[in-house]
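Containing compact mmCIF, C-alpha atoms: final_21.txt.
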# COMPACT_ATOMS: atom_id res chain seq x y z
CA VAL A 1 93.40 111.28 108.01
CA SER A 2 91.92 113.95 110.25
CA ILE A 3 93.31 113.93 113.78
CA GLU A 4 91.96 116.37 116.36
CA MET A 5 90.55 118.77 113.78
CA GLY A 6 86.74 118.59 113.77
CA GLU A 7 86.33 119.99 117.27
CA HIS A 8 88.24 123.13 116.28
CA ILE A 9 86.14 124.17 113.27
CA ARG A 10 83.07 126.37 113.46
CA PRO A 11 79.83 124.39 113.61
CA SER A 12 78.66 126.28 110.51
CA CYS A 13 81.63 124.81 108.57
CA GLU A 14 81.07 121.23 109.74
CA ASP A 15 79.25 119.95 106.64
CA ASN A 16 81.90 121.45 104.33
CA PHE A 17 84.64 119.77 106.38
CA LEU A 18 82.89 116.40 106.23
CA GLY A 19 82.27 116.88 102.51
CA LEU A 20 86.02 117.24 102.00
CA LEU A 21 86.62 114.04 103.95
CA SER A 22 84.11 112.27 101.71
CA GLN A 23 86.49 112.72 98.79
CA ALA A 24 88.78 110.04 100.23
CA SER A 25 88.88 107.05 97.92
CA THR A 26 88.00 104.28 100.36
CA GLY A 27 87.69 105.72 103.87
CA VAL A 28 89.14 107.93 106.56
CA LEU A 29 90.78 107.77 109.97
CA ILE A 30 89.42 110.50 112.19
CA SER A 31 89.44 111.64 115.78
CA TRP A 32 86.93 114.18 117.06
CA SER A 33 86.91 115.18 120.68
CA ALA A 34 83.65 115.21 122.61
CA LYS A 35 85.17 117.39 125.31
CA TYR A 36 84.24 121.09 125.11
CA ILE A 37 87.17 123.38 125.95
CA PRO A 38 86.35 127.12 125.87
CA GLY A 39 88.43 128.96 123.30
CA SER A 40 89.66 125.73 121.71
CA HIS A 41 87.08 122.98 121.18
CA GLN A 42 84.17 125.04 119.92
CA ASN A 43 82.68 122.09 118.03
CA ALA A 44 83.09 119.15 120.40
CA ARG A 45 80.73 116.32 119.44
CA PRO A 46 79.86 112.93 120.94
CA ARG A 47 80.89 109.87 118.94
CA GLN A 48 77.34 108.97 117.85
CA TYR A 49 76.81 112.46 116.45
CA VAL A 50 79.95 112.12 114.31
CA ILE A 51 78.92 108.62 113.20
CA ASP A 52 75.52 109.89 112.07
CA LYS A 53 76.94 112.96 110.29
CA MET A 54 79.64 110.95 108.50
CA ARG A 55 76.97 108.65 107.10
CA LYS A 56 74.64 111.48 106.11
CA VAL A 57 77.12 114.04 104.76
CA ALA A 58 80.16 111.98 103.74
CA GLY A 59 78.45 108.71 102.78
CA MET A 60 80.75 106.70 105.04
CA HIS A 61 79.95 104.10 107.68
CA PHE A 62 81.65 103.63 111.03
CA ASP A 63 83.75 100.44 111.11
CA LEU A 64 83.81 99.33 114.75
CA ALA A 65 86.11 96.34 114.19
CA ALA A 66 88.69 98.41 112.30
CA THR A 67 88.42 101.17 114.91
CA LYS A 68 89.12 98.76 117.77
CA ALA A 69 92.01 97.06 115.95
CA SER A 70 93.63 100.36 114.99
CA ALA A 71 93.08 102.04 118.37
CA GLU A 72 94.92 99.20 120.12
CA ARG A 73 98.08 100.28 118.31
CA LEU A 74 97.78 103.98 119.17
CA LYS A 75 100.19 105.39 121.71
CA THR A 76 98.50 108.77 122.11
CA GLY A 77 95.64 110.23 124.10
CA ILE A 78 93.28 110.23 121.11
CA LYS A 79 92.11 106.63 121.59
CA PRO A 80 88.67 107.61 122.99
CA SER A 81 87.93 109.85 120.00
CA PHE A 82 89.55 107.73 117.25
CA MET A 83 87.29 106.26 114.54
CA VAL A 84 87.64 104.44 111.21
CA TYR A 85 85.12 105.07 108.42
CA LYS A 86 84.72 103.32 105.10
CA LYS A 87 82.86 104.43 102.02
CA GLU A 88 79.44 102.91 101.62
CA ARG A 89 79.09 100.69 98.59
CA ARG A 90 76.40 101.80 96.19
Could I get this file's structure written as structure tokens?
Amino acid sequence: VSIEMGEHIRPSCEDNFLGLLSQASTGVLISWSAKYIPGSHQNARPRQYVIDKMRKVAGMHFDLAATKASAERLKTGIKPSFMVYKKERR
């Protein structure tokens, strides 16, 4: 689980961060804000960017159905940035 973390790391550390997430056994729950906030969200990214990077760097695919089902239960403001990823079968 990585909630509201990715947007706070330096862009140069992004691949290392995603590599750590890739060590999850079956998948991850993640939120990553797309909203740039000076002094806070130095690495804000749109959803499609995160989807592409998770596949390329972490070997995980975005699960839209699981994201929608899980987001319905959330009671926080992270719903727009919440995503579920599962490991790709090889």
**Study point:** Selection near Glu7 of chain A, 6 Å with all atoms listed in the file, sequence-local residues under 6 positions removed, as a VMD selection string
**Key:** chain A and resid 32 to 33 41 43 to 44
Review point. If you measure from atom CA of Met83 of chain A to atom CA of Gln42 of chain A, what distance in Å do you get, rounded to one decimal?
Key: 19.8 Å
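Pairwise distance (atom CA of Gly59 of chain A, atom CA of Arg73 of chain A) equals 26.4 Å.
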Practice item. May I have the residues within 7 Å of Val1 of chain A as a PyMOL selection string, using only C-alpha atoms and disregarding those fewer than 2 positions away in the same chain? Key: chain A and resi 3+28-30
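Proximity ranking of A:Leu74, A:Ser2, A:Asp52, A:Lys79 relative to Gly27 of chain A places A:Ser2 first, based on only C-alpha atoms.
Here atom CA of Asp15 of chain A is placed at a distance of 12.6 Å from atom CA of Tyr49 of chain A.
Selecting by distance to (84.6, 119.5, 105.8) with a limit of 12 Å and using all atoms listed in the file, one obtains Ser2, Met5, Gly6, Glu7, His8, Ile9, Arg10, Pro11, Ser12, Cys13, Glu14, Asp15, Asn16, Phe17, Leu18, Gly19, Leu20, Leu21, Ser22, Gln23, Ala24, Lys53, Met54, Val57 and Ala58 of chain A.
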As lines of an AutoDock Vina configuration file, please report the centre and edge lengths, rounded to one decimal in Å, of the axis-aligned box that holds all listed atoms of segment 20-30 of chain A with 8 Å of padding on each of the six sides.
center_x = 87.4
center_y = 110.8
center_z = 105.1
size_x = 22.7
size_y = 29.0
size_z = 30.3
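Taking only C-alpha atoms into account, Arg45 of chain A lies nearest to A:Ser31 out of the set A:Thr76, A:Thr26, A:Thr67, A:Ser31.
Minimum atom-to-atom distance to Ala66 of chain A, evaluated using only C-alpha atoms, belongs to A:Lys86 out of A:Tyr36, A:Lys86, A:Glu4, A:Ile78.
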Distance query His61 of chain A at most 8 Å, all atoms listed in the file, self and fewer than 4 positions along chain excluded, as a PDB file with C-alpha atoms, keeping the file's coordinate frame:
ATOM      1  CA  ILE A  51      78.920 108.620 113.200  1.00  0.00           C
ATOM      2  CA  MET A  54      79.640 110.950 108.500  1.00  0.00           C
ATOM      3  CA  ARG A  55      76.970 108.650 107.100  1.00  0.00           C
ATOM      4  CA  TYR A  85      85.120 105.070 108.420  1.00  0.00           C
ATOM      5  CA  LYS A  86      84.720 103.320 105.100  1.00  0.00           C
ATOM      6  CA  LYS A  87      82.860 104.430 102.020  1.00  0.00           C
ATOM      7  CA  GLU A  88      79.440 102.910 101.620  1.00  0.00           C
TER       8      GLU A  88
END
Practice item. Kindly indicate which residue among A:Ala34, A:Ser81, A:Lys75, A:Lys68 lies nearest to Pro46 of chain A, using all atoms listed in the file for the distances. Key: A:Ala34
